[in-house]
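Undergrad: start_21.txt is reproduced below (compact mmCIF, C-alpha atoms).
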```txt
# COMPACT_ATOMS: atom_id res chain seq x y z
CA MET A 792 12.23 2.24 -11.52
CA LYS A 793 8.82 0.72 -12.28
CA VAL A 794 7.05 -0.28 -9.07
CA LEU A 795 3.92 -2.33 -8.32
CA LEU A 796 2.31 -1.69 -4.92
CA ILE A 797 -0.02 -4.41 -3.61
CA GLY A 798 -2.90 -3.39 -1.34
CA SER A 799 -5.83 -1.01 -0.92
CA GLY A 800 -5.77 0.40 2.62
CA GLY A 801 -4.65 3.53 4.42
CA ARG A 802 -1.18 2.02 4.87
CA GLU A 803 -0.85 1.55 1.11
CA HIS A 804 -2.07 5.10 0.40
CA ALA A 805 0.68 6.40 2.72
CA LEU A 806 3.27 4.18 1.00
CA ALA A 807 2.08 5.28 -2.46
CA TRP A 808 2.21 8.96 -1.43
CA LYS A 809 5.79 8.54 -0.20
CA ILE A 810 7.05 6.30 -3.04
CA ALA A 811 5.60 8.77 -5.58
CA GLN A 812 7.98 11.45 -4.22
CA SER A 813 11.06 9.40 -5.20
CA PRO A 814 13.22 10.70 -8.07
CA LEU A 815 14.07 7.03 -8.78
CA LEU A 816 10.44 6.24 -9.69
CA SER A 817 9.50 6.13 -13.36
CA LYS A 818 6.04 4.54 -12.97
CA LEU A 819 3.89 3.41 -10.02
CA TYR A 820 1.09 0.87 -10.37
CA ALA A 821 -1.20 -0.28 -7.55
CA ALA A 822 -3.37 -3.41 -7.30
CA PRO A 823 -6.15 -2.98 -6.40
CA GLY A 824 -5.51 0.45 -4.83
CA ASN A 825 -8.21 2.92 -3.77
CA PRO A 826 -9.34 6.42 -4.89
CA GLY A 827 -6.65 8.06 -2.73
CA ILE A 828 -3.89 5.85 -4.14
CA ALA A 829 -5.15 6.77 -7.63
CA GLU A 830 -3.76 10.30 -7.01
CA HIS A 831 -0.24 8.81 -7.09
CA ALA A 832 -0.45 5.54 -9.05
CA GLU A 833 -2.17 3.86 -11.97
CA LEU A 834 -4.70 1.40 -10.51
CA VAL A 835 -4.68 -2.00 -12.19
CA LEU A 836 -7.16 -4.86 -12.03
CA VAL A 837 -4.88 -7.73 -11.05
CA ASN A 838 -6.17 -10.44 -8.73
CA VAL A 839 -3.38 -10.47 -6.12
CA GLU A 840 -4.54 -13.89 -4.85
CA ASN A 841 -3.67 -15.29 -8.28
CA HIS A 842 0.12 -15.32 -8.13
CA ASP A 843 0.46 -16.25 -11.80
CA ALA A 844 -1.59 -13.17 -12.76
CA VAL A 845 0.73 -10.96 -10.67
CA ILE A 846 3.81 -12.50 -12.35
CA ARG A 847 2.26 -12.04 -15.78
CA PHE A 848 1.51 -8.36 -15.06
CA CYS A 849 5.07 -7.78 -13.78
CA LYS A 850 6.63 -9.34 -16.87
CA GLU A 851 4.35 -7.60 -19.36
CA ASN A 852 4.95 -4.21 -17.73
CA LEU A 853 8.66 -4.69 -16.99
CA ILE A 854 8.16 -4.16 -13.23
CA ASP A 855 11.47 -3.72 -11.37
CA PHE A 856 10.15 -3.91 -7.82
CA VAL A 857 7.03 -5.07 -5.99
CA VAL A 858 6.05 -3.64 -2.59
CA VAL A 859 3.56 -5.83 -0.72
CA GLY A 860 1.50 -3.78 1.75
CA PRO A 861 -0.82 -6.18 3.63
CA GLU A 862 -0.04 -9.37 5.53
CA ALA A 863 -2.39 -11.84 3.79
CA PRO A 864 -0.48 -12.01 0.44
CA LEU A 865 2.81 -12.45 2.37
CA VAL A 866 1.43 -15.30 4.48
CA ALA A 867 0.09 -16.81 1.22
CA GLY A 868 3.62 -16.79 -0.27
CA LEU A 869 3.38 -14.04 -2.91
CA ALA A 870 6.94 -12.87 -2.15
CA ASP A 871 8.28 -16.41 -2.72
CA THR A 872 6.56 -16.63 -6.13
CA LEU A 873 7.96 -13.26 -7.21
CA ARG A 874 11.49 -14.07 -6.01
CA ALA A 875 11.42 -17.41 -7.84
CA GLU A 876 10.81 -15.40 -11.04
CA GLY A 877 13.71 -13.05 -10.30
CA ILE A 878 11.52 -10.06 -9.37
CA ALA A 879 12.69 -7.95 -6.41
CA VAL A 880 10.02 -7.80 -3.70
CA PHE A 881 9.67 -6.03 -0.36
CA GLY A 882 8.26 -8.46 2.18
CA PRO A 883 9.14 -11.79 3.81
CA SER A 884 8.79 -15.34 2.53
CA ALA A 885 5.73 -17.37 3.60
CA ALA A 886 7.93 -19.23 6.09
CA ALA A 887 9.19 -15.99 7.67
CA ALA A 888 5.70 -14.42 7.54
CA GLN A 889 4.58 -17.02 10.08
CA LEU A 890 5.81 -14.46 12.63
CA GLU A 891 2.47 -12.76 11.96
CA GLY A 892 0.54 -15.67 10.47
CA SER A 893 0.80 -17.77 13.64
CA LYS A 894 0.90 -16.34 17.18
CA GLY A 895 2.03 -19.76 18.42
CA PHE A 896 4.95 -19.86 15.96
CA THR A 897 6.17 -16.48 17.26
CA LYS A 898 5.89 -17.60 20.89
CA ASP A 899 7.92 -20.72 20.07
CA ILE A 900 10.62 -18.57 18.38
CA CYS A 901 10.71 -16.35 21.50
CA ALA A 902 11.10 -19.38 23.76
CA LYS A 903 13.84 -20.89 21.59
CA PHE A 904 15.91 -17.70 21.27
CA ASN A 905 15.31 -16.22 24.72
CA ILE A 906 13.27 -13.22 23.60
CA PRO A 907 11.33 -11.57 26.47
CA THR A 908 7.57 -12.13 26.15
CA GLY A 909 4.64 -13.25 28.30
CA ALA A 910 4.48 -16.92 29.44
CA TYR A 911 2.10 -18.88 27.19
CA GLN A 912 0.50 -22.18 26.23
CA ARG A 913 -0.95 -23.29 22.86
CA PHE A 914 -4.27 -25.19 22.65
CA ASN A 915 -6.22 -26.84 19.86
CA ASN A 916 -9.37 -27.49 21.93
CA ALA A 917 -11.57 -25.45 24.26
CA PRO A 918 -11.73 -27.72 27.37
CA LYS A 919 -7.93 -27.76 27.82
CA ALA A 920 -7.63 -24.01 27.16
CA LYS A 921 -10.40 -23.30 29.68
CA ALA A 922 -8.81 -25.55 32.32
CA TYR A 923 -5.54 -23.64 31.91
CA VAL A 924 -7.35 -20.28 32.25
CA ARG A 925 -9.10 -21.42 35.44
CA GLU A 926 -5.75 -22.54 36.82
CA GLN A 927 -3.99 -19.23 35.92
CA GLY A 928 -6.80 -16.80 36.77
CA ALA A 929 -7.29 -13.30 35.33
CA PRO A 930 -6.25 -10.90 33.88
CA ILE A 931 -5.12 -13.12 31.01
CA VAL A 932 -4.82 -12.77 27.21
CA ILE A 933 -6.59 -14.99 24.65
CA LYS A 934 -5.37 -14.90 21.03
CA ALA A 935 -6.64 -16.61 17.90
CA ASP A 936 -3.50 -18.16 16.41
CA GLY A 937 -3.97 -17.02 12.81
CA LEU A 938 -4.69 -13.79 10.90
CA ALA A 939 -7.83 -12.10 12.23
CA ALA A 940 -7.47 -8.53 10.88
CA GLY A 941 -6.23 -7.24 14.23
CA LYS A 942 -9.36 -8.42 16.02
CA GLY A 943 -8.49 -11.92 17.33
CA VAL A 944 -7.06 -10.77 20.68
CA THR A 945 -8.96 -10.46 23.96
CA VAL A 946 -7.35 -8.96 27.05
CA ALA A 947 -9.66 -10.63 29.57
CA MET A 948 -9.95 -8.93 32.95
CA THR A 949 -12.12 -11.77 34.33
CA VAL A 950 -12.04 -15.57 33.97
CA GLU A 951 -15.58 -15.46 32.50
CA GLU A 952 -14.45 -13.04 29.76
CA ALA A 953 -11.50 -15.33 28.97
CA LEU A 954 -13.74 -18.41 28.72
CA ALA A 955 -16.12 -16.54 26.38
CA ALA A 956 -13.16 -15.49 24.20
CA ILE A 957 -12.02 -19.12 23.95
CA ASP A 958 -15.54 -20.12 22.84
CA ASP A 959 -15.52 -17.32 20.23
CA CYS A 960 -12.29 -18.69 18.74
CA PHE A 961 -13.28 -22.35 18.63
CA GLU A 962 -16.85 -21.61 17.50
CA GLY A 963 -15.60 -19.81 14.39
CA ALA A 964 -15.82 -16.07 15.19
CA PHE A 965 -12.44 -15.63 13.45
CA GLY A 966 -12.79 -18.45 10.89
CA ALA A 967 -9.74 -20.66 10.40
CA ALA A 968 -7.63 -18.20 12.45
CA GLY A 969 -9.26 -19.51 15.64
CA ALA A 970 -8.59 -23.22 15.05
CA GLU A 971 -5.73 -22.91 17.53
CA VAL A 972 -5.60 -20.58 20.52
CA VAL A 973 -2.66 -19.06 22.39
CA VAL A 974 -3.29 -18.23 26.05
CA GLU A 975 -0.68 -15.95 27.53
CA ALA A 976 0.16 -14.01 30.66
CA PHE A 977 -1.13 -10.46 30.95
CA LEU A 978 1.72 -7.94 30.66
CA ASP A 979 1.35 -4.77 32.66
CA GLY A 980 2.83 -1.55 31.28
CA GLU A 981 2.54 0.88 28.37
CA GLU A 982 2.21 -0.37 24.80
CA ALA A 983 4.37 0.88 21.96
CA SER A 984 5.11 -0.06 18.35
CA PHE A 985 8.63 -0.35 16.99
CA PHE A 986 9.54 -0.66 13.31
CA CYS A 987 12.81 -2.02 11.95
CA LEU A 988 13.81 -3.09 8.43
CA SER A 989 15.75 -6.30 7.85
CA ASP A 990 17.38 -7.87 4.80
CA GLY A 991 18.13 -11.11 6.66
CA LYS A 992 21.58 -10.06 7.90
CA THR A 993 21.44 -6.28 8.54
CA LEU A 994 18.93 -4.23 10.53
CA LEU A 995 17.88 -0.62 9.97
CA PRO A 996 15.83 0.74 12.89
CA LEU A 997 13.07 3.06 11.69
CA ALA A 998 10.82 4.75 14.25
CA THR A 999 8.40 4.26 17.13
CA ALA A 1000 4.67 4.85 17.37
CA GLN A 1001 1.77 4.33 19.72
CA ASP A 1002 -1.53 2.92 18.45
CA HIS A 1003 -5.00 3.27 20.00
CA LYS A 1004 -6.69 -0.12 19.60
CA ARG A 1005 -9.96 0.33 21.44
CA VAL A 1006 -12.91 1.94 19.70
CA GLY A 1007 -13.88 4.47 22.37
CA ASP A 1008 -12.36 7.49 24.09
CA GLY A 1009 -10.36 6.66 27.21
CA ASP A 1010 -9.39 3.29 25.66
CA THR A 1011 -12.86 1.83 26.19
CA GLY A 1012 -14.93 -0.63 24.16
CA PRO A 1013 -13.86 -3.51 21.91
CA ASN A 1014 -10.51 -3.82 20.13
CA THR A 1015 -10.29 -2.63 16.53
CA GLY A 1016 -7.66 -2.63 13.79
CA GLY A 1017 -6.55 0.73 15.26
CA MET A 1018 -8.39 4.06 15.74
CA GLY A 1019 -5.37 6.36 15.54
CA ALA A 1020 -1.66 6.60 16.21
CA TYR A 1021 1.18 9.03 16.75
CA SER A 1022 4.95 8.94 16.33
CA PRO A 1023 7.37 9.01 18.05
CA ALA A 1024 6.21 7.25 21.23
CA PRO A 1025 7.74 9.06 24.26
CA VAL A 1026 7.84 5.80 26.26
CA MET A 1027 10.41 4.54 23.71
CA THR A 1028 13.43 6.41 25.08
CA PRO A 1029 16.82 5.93 23.36
CA GLU A 1030 17.68 3.37 26.08
CA MET A 1031 14.42 1.46 25.46
CA VAL A 1032 15.06 1.46 21.69
CA GLU A 1033 18.56 0.11 22.26
CA ARG A 1034 17.24 -2.64 24.55
CA THR A 1035 14.49 -3.51 22.06
CA MET A 1036 17.07 -3.91 19.29
CA LYS A 1037 19.44 -5.99 21.44
CA GLU A 1038 16.94 -8.14 23.36
CA ILE A 1039 14.13 -8.57 20.81
CA ILE A 1040 14.84 -7.60 17.18
CA GLU A 1041 18.46 -8.83 16.79
CA PRO A 1042 17.82 -12.28 18.35
CA THR A 1043 14.72 -12.63 16.13
CA MET A 1044 16.66 -11.87 12.95
CA ARG A 1045 19.45 -14.27 13.95
CA GLY A 1046 16.98 -16.91 15.11
CA MET A 1047 14.96 -16.78 11.89
CA ALA A 1048 18.16 -17.12 9.82
CA GLU A 1049 19.36 -20.03 11.99
CA SER A 1050 15.95 -21.68 11.56
CA GLY A 1051 16.33 -21.55 7.76
CA MET A 1052 13.80 -18.73 7.36
CA PRO A 1053 15.83 -15.53 6.90
CA PHE A 1054 13.60 -12.49 7.36
CA SER A 1055 13.48 -9.77 4.71
CA GLY A 1056 11.04 -6.90 5.15
CA VAL A 1057 9.80 -4.92 8.13
CA PHE A 1058 9.67 -6.17 11.68
CA PHE A 1059 6.71 -4.44 13.34
CA ALA A 1060 7.10 -5.29 17.01
CA GLY A 1061 4.12 -4.69 19.28
CA LEU A 1062 5.77 -4.09 22.67
CA MET A 1063 4.76 -3.74 26.28
CA ILE A 1064 7.14 -1.56 28.25
CA THR A 1065 7.01 -3.26 31.66
CA ALA A 1066 8.89 -2.66 34.90
CA LYS A 1067 11.46 -5.19 33.58
CA GLY A 1068 11.87 -3.42 30.23
CA PRO A 1069 10.52 -4.13 26.72
CA GLU A 1070 8.61 -7.38 26.20
CA LEU A 1071 7.19 -8.62 22.89
CA ILE A 1072 3.40 -8.79 22.62
CA GLU A 1073 3.40 -9.85 18.96
CA TYR A 1074 5.09 -9.39 15.60
CA ASN A 1075 3.56 -8.13 12.40
CA VAL A 1076 5.48 -8.53 9.15
CA ARG A 1077 4.26 -5.37 7.38
CA PHE A 1078 3.89 -1.71 8.24
CA GLY A 1079 1.14 -0.93 10.74
CA ASP A 1080 -2.15 0.61 9.75
CA PRO A 1081 -2.54 3.43 10.94
CA GLU A 1082 1.10 3.62 12.17
CA CYS A 1083 2.48 3.67 8.61
CA GLN A 1084 0.69 6.96 7.98
CA VAL A 1085 2.53 8.78 10.79
CA LEU A 1086 5.87 7.13 9.92
CA MET A 1087 5.65 8.26 6.28
CA MET A 1088 4.80 11.81 7.42
CA ARG A 1089 7.98 11.92 9.54
CA LEU A 1090 10.38 10.19 7.13
CA LYS A 1091 12.66 12.76 5.46
CA SER A 1092 14.61 10.23 3.36
CA ASP A 1093 13.53 8.77 0.03
CA LEU A 1094 11.53 5.61 0.91
CA LEU A 1095 12.07 3.73 -2.36
CA PRO A 1096 15.83 2.98 -2.12
CA ILE A 1097 15.39 1.96 1.55
CA LEU A 1098 12.69 -0.62 0.72
CA TYR A 1099 14.70 -1.79 -2.31
CA ALA A 1100 17.81 -2.27 -0.12
CA SER A 1101 15.79 -4.45 2.26
CA ALA A 1102 14.60 -6.54 -0.71
CA THR A 1103 18.06 -6.92 -2.28
CA GLY A 1104 20.30 -7.56 0.75
CA THR A 1105 21.98 -4.13 0.66
CA LEU A 1106 20.51 -2.55 3.80
CA ASP A 1107 24.01 -1.80 5.09
CA GLN A 1108 24.32 0.80 2.29
CA VAL A 1109 21.34 3.03 3.22
CA SER A 1110 20.14 5.12 6.15
CA ALA A 1111 16.87 6.78 7.21
CA GLU A 1112 16.52 10.36 8.38
CA TRP A 1113 13.53 11.44 10.46
CA SER A 1114 11.85 14.72 11.31
CA ASP A 1115 11.81 15.45 15.04
CA ASP A 1116 8.28 16.83 14.68
CA PRO A 1117 5.63 14.40 15.90
CA ALA A 1118 2.90 13.19 13.54
CA LEU A 1119 -0.58 12.06 14.56
CA THR A 1120 -3.34 10.30 12.63
CA VAL A 1121 -7.02 9.94 13.50
CA VAL A 1122 -9.08 7.14 11.92
CA LEU A 1123 -12.56 8.04 10.68
CA ALA A 1124 -14.64 4.88 10.78
CA SER A 1125 -18.15 3.92 9.71
CA LYS A 1126 -20.70 4.20 12.54
CA GLY A 1127 -21.14 0.74 14.08
CA TYR A 1128 -17.51 -0.34 13.53
CA PRO A 1129 -16.02 -2.74 14.72
CA GLY A 1130 -19.49 -4.33 14.62
CA SER A 1131 -21.82 -4.15 11.63
CA TYR A 1132 -22.06 -0.88 9.70
CA ALA A 1133 -23.76 0.56 6.63
CA LYS A 1134 -21.72 0.35 3.44
CA ASN A 1135 -21.50 2.68 0.44
CA THR A 1136 -22.40 5.82 2.42
CA GLN A 1137 -21.40 8.98 0.57
CA ILE A 1138 -18.42 11.15 1.53
CA THR A 1139 -19.17 14.57 0.06
CA SER A 1140 -15.88 16.35 0.69
CA ILE A 1141 -12.35 15.84 2.00
CA PRO A 1142 -9.99 18.75 2.79
CA ASP A 1143 -7.03 19.21 0.46
CA ALA A 1144 -3.56 18.23 1.61
CA SER A 1145 -1.30 20.99 2.87
CA LYS A 1146 2.27 20.97 4.16
CA GLY A 1147 2.40 18.45 6.98
CA ALA A 1148 -1.28 17.47 6.71
CA LYS A 1149 -3.11 14.92 4.57
CA VAL A 1150 -6.20 12.71 4.65
CA PHE A 1151 -5.29 9.18 3.55
CA HIS A 1152 -7.95 6.89 2.08
CA ALA A 1153 -8.50 3.42 3.53
CA GLY A 1154 -11.94 1.85 2.87
CA THR A 1155 -13.18 4.04 0.01
CA ALA A 1156 -14.37 3.57 -3.58
CA VAL A 1157 -15.91 5.63 -6.37
CA GLN A 1158 -19.42 4.57 -7.37
CA ASP A 1159 -21.44 6.44 -10.02
CA GLY A 1160 -18.91 9.25 -9.81
CA LYS A 1161 -19.35 9.63 -6.04
CA LEU A 1162 -16.85 8.84 -3.27
CA VAL A 1163 -18.30 6.26 -0.86
CA ALA A 1164 -17.18 4.47 2.29
CA THR A 1165 -16.81 0.74 1.70
CA GLY A 1166 -15.01 -0.37 4.86
CA GLY A 1167 -15.01 -0.11 8.64
CA ARG A 1168 -11.96 2.16 8.84
CA VAL A 1169 -12.38 4.64 6.01
CA LEU A 1170 -10.13 7.73 6.24
CA ASN A 1171 -6.98 8.72 8.16
CA ALA A 1172 -6.64 12.42 9.02
CA THR A 1173 -2.90 12.87 9.48
CA ALA A 1174 -0.90 15.92 10.53
CA THR A 1175 2.40 17.04 12.03
CA GLY A 1176 3.22 19.70 14.61
CA LYS A 1177 6.03 20.91 16.86
CA THR A 1178 4.36 19.00 19.72
CA VAL A 1179 1.91 16.09 19.87
CA ALA A 1180 -0.75 18.56 21.08
CA GLU A 1181 -0.14 20.70 17.97
CA ALA A 1182 -0.25 17.64 15.67
CA GLN A 1183 -3.45 16.52 17.41
CA ALA A 1184 -5.13 19.91 16.90
CA ALA A 1185 -4.17 19.91 13.20
CA ALA A 1186 -5.39 16.33 12.68
CA TYR A 1187 -8.77 17.04 14.31
CA ALA A 1188 -9.12 20.19 12.19
CA LEU A 1189 -8.88 17.86 9.17
CA VAL A 1190 -11.41 15.43 10.74
CA ASP A 1191 -13.87 18.28 11.26
CA ALA A 1192 -13.44 19.42 7.65
CA VAL A 1193 -14.51 16.01 6.26
CA SER A 1194 -18.19 15.93 5.14
CA TRP A 1195 -19.43 12.39 5.83
CA ASP A 1196 -22.60 11.81 7.83
CA ASN A 1197 -21.88 8.17 8.64
CA GLY A 1198 -18.38 8.71 10.06
CA PHE A 1199 -17.11 8.85 13.62
CA SER A 1200 -13.73 9.04 15.34
CA ARG A 1201 -12.20 8.95 18.77
CA ARG A 1202 -11.49 12.46 20.05
CA ASP A 1203 -8.52 11.66 22.32
CA ILE A 1204 -5.81 10.22 20.05
CA GLY A 1205 -2.41 11.02 21.57
CA TRP A 1206 -3.74 11.57 25.10
CA GLN A 1207 -0.84 9.78 26.82
CA ALA A 1208 1.82 11.84 25.03
CA ILE A 1209 -0.08 15.09 25.57
CA ALA A 1210 -0.39 14.34 29.31
CA ARG A 1211 3.42 13.90 29.32
CA GLU A 1212 3.92 17.20 27.49
CA LYS A 1213 1.82 18.99 30.12
CA ALA A 1214 3.55 17.30 33.07
```
Show me the file's structure as structure tokens.

TA:
Amino acid sequence: MKVLLIGSGGREHALAWKIAQSPLLSKLYAAPGNPGIAEHAELVLVNVENHDAVIRFCKENLIDFVVVGPEAPLVAGLADTLRAEGIAVFGPSAAAAQLEGSKGFTKDICAKFNIPTGAYQRFNNAPKAKAYVREQGAPIVIKADGLAAGKGVTVAMTVEEALAAIDDCFEGAFGAAGAEVVVEAFLDGEEASFFCLSDGKTLLPLATAQDHKRVGDGDTGPNTGGMGAYSPAPVMTPEMVERTMKEIIEPTMRGMAESGMPFSGVFFAGLMITAKGPELIEYNVRFGDPECQVLMMRLKSDLLPILYASATGTLDQVSAEWSDDPALTVVLASKGYPGSYAKNTQITSIPDASKGAKVFHAGTAVQDGKLVATGGRVLNATATGKTVAEAQAAAYALVDAVSWDNGFSRRDIGWQAIAREKA
């Protein structure tokens, strides 16, 4: 099977690494890819925003299957264009991708189909949003409605912080994403991520993970796209997984189909496990980054036929087998992230992969024959172990073996699970 992978981040490197192991694969291309992905795929210069150029490449190279990694091309309708040309593609239609593309859309779906989530209101101007916040009080959550690279959410512990977050949105801090704002109730509990494939009529639950959003140790500082993750998440007991499927994922799949927007791809549910049970914080319509890295480390099955089954409506014919060993990934980011940071700083060495350990590339490039950091989140040191503590120790050993003066990481990824292991 000839496959084209769209994307250039750590998530796509993990997908490329796993797809490349498939005996079904005859050739893997990636657009635009990164130096890590280049170990597994031929990088091609195709402008993924130009859908006609993607179609032309697929036809000229007899591509059988396209895997779309990031959310932006899905929200922009790339999957629709490919399907219209008869090319199999992993990822939802533009209509179904609104589950990530619009926080308000998701909240409305939850309200319509009785899916547990925080109470909310949608606003298109600051004075009304602020009046609602003053009426509700804090803590309260402010979200830019559109795609903001994981950064458009403020969990405000004071009314003043909430009002400032509303101003940020309407004054353009998140561009067009902040033209509408969702204000929702603060949910108290432990966060977890749950991943489940859908072909529009069948669901295949994958695995759980826990992300670390804040930049600093002890979950301090501003939100980021994610500073590390581990899988599985102990808070997601078998009972909690069953409830999540029944109360959240299944009604969403049915509701999207009923609404004329059948969902094909991966449901990435950001959950809060509250005293009442699982509640939906938000949906993403692609694999998480950095959660994908730990999922791919734990997946024992061949990834390619599973993704292809989701794309072709045959999910009832496949299954996924997982290693019981936990996996943990630590993000190495450029100093200054999530604020401003120096670009094109040199990375002089990265440790080689070994069994159960690998450094995935995210924001990297090769310039003048040297590996440089081009993004905020740059590398993902990922490892497995018999326990989360073991996986953590192995991942930090990789972090410490990276030679990059401008990098930093949190040093406490997995702390909640490790505290449980010690208890």

Undergrad: Kindly indicate which residue among A:Asp1010, A:Glu1181, A:Glu951, A:Asp1080 lies nearest to Gly798 in chain A, using all atoms listed in the file for the distances.

TA: A:Asp1080

Undergrad: Excluding Ala1048 in chain A and its own-chain neighbours fewer than 6 positions away, which residues fall within 10 Å of it when counting only C-alpha atoms? Please give them as number ranges by chain.

TA: A: 887, 991-992, 1042, 1054

Undergrad: Measuring between all atoms listed in the file, which one of A:Ser1022, A:Ser1140, A:Ser813, A:Asn1014 shows the shortest distance to Leu1095 in chain A?

TA: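 When distances to Leu1095 in chain A are compared using all atoms listed in the file, the smallest one comes from A:Ser813.
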
Undergrad: Would you please work out which residue, of A:Gly1154, A:Pro883, A:Gly963, A:Gly1205, is nearest to Ser799 in chain A when using all atoms listed in the file?

TA: A:Gly1154

Undergrad: Nearest to Arg1045 in chain A among A:Ala1066, A:Gly937, A:Phe965, A:Ile900, with distances taken over all atoms listed in the file: which residue is it?

TA: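 Among the listed residues, A:Ile900 lies closest to Arg1045 in chain A.
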
Undergrad: Go through range 1064-1154 of chain A residue by residue and, counting all atoms listed in the file, keep those with an atom at most 12 Å from range 820-842 of chain A; for each kept residue give the shortest atom pair and its distance in Å to one decimal, ordered by chain and increasing number, as CSV.

TA:
```
residue,atom,partner,partner_atom,distance
A:Ile1141,CA,A:Gly827,CA,10.7
A:Asp1143,CA,A:Gly827,CA,11.6
A:Ala1144,CA,A:Gly827,CA,11.5
A:Lys1149,CA,A:Gly827,CA,10.6
A:Val1150,CA,A:Gly827,CA,8.7
A:Phe1151,CA,A:Gly827,CA,6.5
A:His1152,CA,A:Gly827,CA,5.1
A:Ala1153,CA,A:Asn825,CA,7.3
A:Gly1154,CA,A:Asn825,CA,7.7
```

Undergrad: Which is closer to Gly1007 in chain A than all the others in A:Thr1035, A:Ser1114, A:Ser1200, A:Asn905, using all atoms listed in the file?

TA: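 Using all atoms listed in the file, the shortest distance to Gly1007 in chain A belongs to A:Ser1200.
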
Undergrad: Between A:Gly1046, A:Pro1013, A:Gly895, A:Gly1056, which is the closest to Pro861 in chain A once you count all atoms listed in the file?

TA: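 Nearest candidate to Pro861 in chain A out of A:Gly1046, A:Pro1013, A:Gly895, A:Gly1056: A:Gly1056.
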
Undergrad: What lies within 8 Å of Val1121 in chain A using only C-alpha atoms, ignoring chain neighbours under 6 positions off, as a ChimeraX atom specification?

TA: /A:1018-1020,1171-1173,1186-1187,1190,1200-1201,1204

Undergrad: So which residues are close to (-10.7, -15.8, 26.1), meaning at most 9 Å away in the file's coordinates with all atoms listed in the file counted, and can you show them as a list in words?

TA: Ala920, Lys921, Val924, Ile931, Val932, Ile933, Lys934, Val944, Thr945, Val946, Ala947, Val950, Glu951, Glu952, Ala953, Leu954, Ala955, Ala956, Ile957, Asp958, Asp959, Cys960, Val972 and Val974 of chain A

Undergrad: Just the residues within 7 Å of range 1206-1210 of chain A, please, counting only C-alpha atoms, with nothing from its chain fewer than 4 positions along; format it as a list in words.

TA: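 My list of contacting residues is Pro1025, Val1179, Ala1180 and Ala1214 of chain A.
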
Undergrad: To one decimal place, how far is CA of Arg925 in chain A from CA of Ala902 in chain A in Å?

TA: 23.4 Å

Undergrad: Can you list, as a count of residues only, every protein, DNA or RNA residue that comes within 9 Å of Glu1038 in chain A when you count only C-alpha atoms, leaving out same-chain residues fewer than 2 positions away?

TA: 13

Undergrad: As an exercise, work out the distance from CA of Val973 in chain A to CA of Lys1004 in chain A in Å and give it to one decimal place.

TA: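 Result for CA of Val973 in chain A versus CA of Lys1004 in chain A: 19.6 Å, one decimal.
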
Undergrad: Name the residues in contact with Asn1075 in chain A at a cut-off of 7 Å, using all atoms listed in the file, excluding same-chain residues fewer than 6 positions from it; report them as an mmCIF file with C-alpha atoms, in the frame of the given file.

TA:
```cif
data_model
loop_
_atom_site.group_PDB
_atom_site.id
_atom_site.type_symbol
_atom_site.label_atom_id
_atom_site.label_comp_id
_atom_site.auth_asym_id
_atom_site.auth_seq_id
_atom_site.Cartn_x
_atom_site.Cartn_y
_atom_site.Cartn_z
ATOM 1 C CA LEU A 890 5.810 -14.460 12.630
ATOM 2 C CA GLU A 891 2.470 -12.760 11.960
ATOM 3 C CA PHE A 1058 9.670 -6.170 11.680
ATOM 4 C CA PHE A 1059 6.710 -4.440 13.340
ATOM 5 C CA ALA A 1060 7.100 -5.290 17.010
#
```

Undergrad: By how many Å are CA of Ser893 in chain A and CA of Thr993 in chain A apart?

TA: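 Atom-to-atom, CA of Ser893 in chain A and CA of Thr993 in chain A are spaced 24.2 Å apart.
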
Undergrad: Select, counting only C-alpha atoms, all protein, DNA and RNA residues no farther than 10 Å from (26.1, -2.3, 5.0) in file coordinates, and express the selection as a list in words.

TA: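 Protein and nucleic acid residues near the point are Lys992, Thr993, Leu994, Leu995, Ala1100, Gly1104, Thr1105, Leu1106, Asp1107, Gln1108, Val1109 and Ser1110 of chain A.
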
Undergrad: Please complete range 1073-1079 of chain A with N, CA and C atoms and give it back as a PDB file, in the coordinates of the input.

TA:
```pdb
ATOM      1  N   GLU A1073       3.552  -9.097  20.219  1.00  0.00           N
ATOM      2  CA  GLU A1073       3.400  -9.850  18.960  1.00  0.00           C
ATOM      3  C   GLU A1073       4.213  -9.173  17.869  1.00  0.00           C
ATOM      4  N   TYR A1074       4.457  -9.936  16.805  1.00  0.00           N
ATOM      5  CA  TYR A1074       5.090  -9.390  15.600  1.00  0.00           C
ATOM      6  C   TYR A1074       4.064  -9.263  14.489  1.00  0.00           C
ATOM      7  N   ASN A1075       4.200  -8.199  13.710  1.00  0.00           N
ATOM      8  CA  ASN A1075       3.560  -8.130  12.400  1.00  0.00           C
ATOM      9  C   ASN A1075       4.687  -8.032  11.381  1.00  0.00           C
ATOM     10  N   VAL A1076       4.408  -8.448  10.146  1.00  0.00           N
ATOM     11  CA  VAL A1076       5.480  -8.530   9.150  1.00  0.00           C
ATOM     12  C   VAL A1076       5.261  -7.525   8.010  1.00  0.00           C
ATOM     13  N   ARG A1077       4.521  -6.452   8.354  1.00  0.00           N
ATOM     14  CA  ARG A1077       4.260  -5.370   7.380  1.00  0.00           C
ATOM     15  C   ARG A1077       4.133  -4.096   8.207  1.00  0.00           C
ATOM     16  N   PHE A1078       4.068  -2.969   7.522  1.00  0.00           N
ATOM     17  CA  PHE A1078       3.890  -1.710   8.240  1.00  0.00           C
ATOM     18  C   PHE A1078       2.510  -1.703   8.906  1.00  0.00           C
ATOM     19  N   GLY A1079       2.416  -1.015  10.036  1.00  0.00           N
ATOM     20  CA  GLY A1079       1.140  -0.930  10.740  1.00  0.00           C
ATOM     21  C   GLY A1079       0.162  -0.037  10.002  1.00  0.00           C
TER      22      GLY A1079
END
```
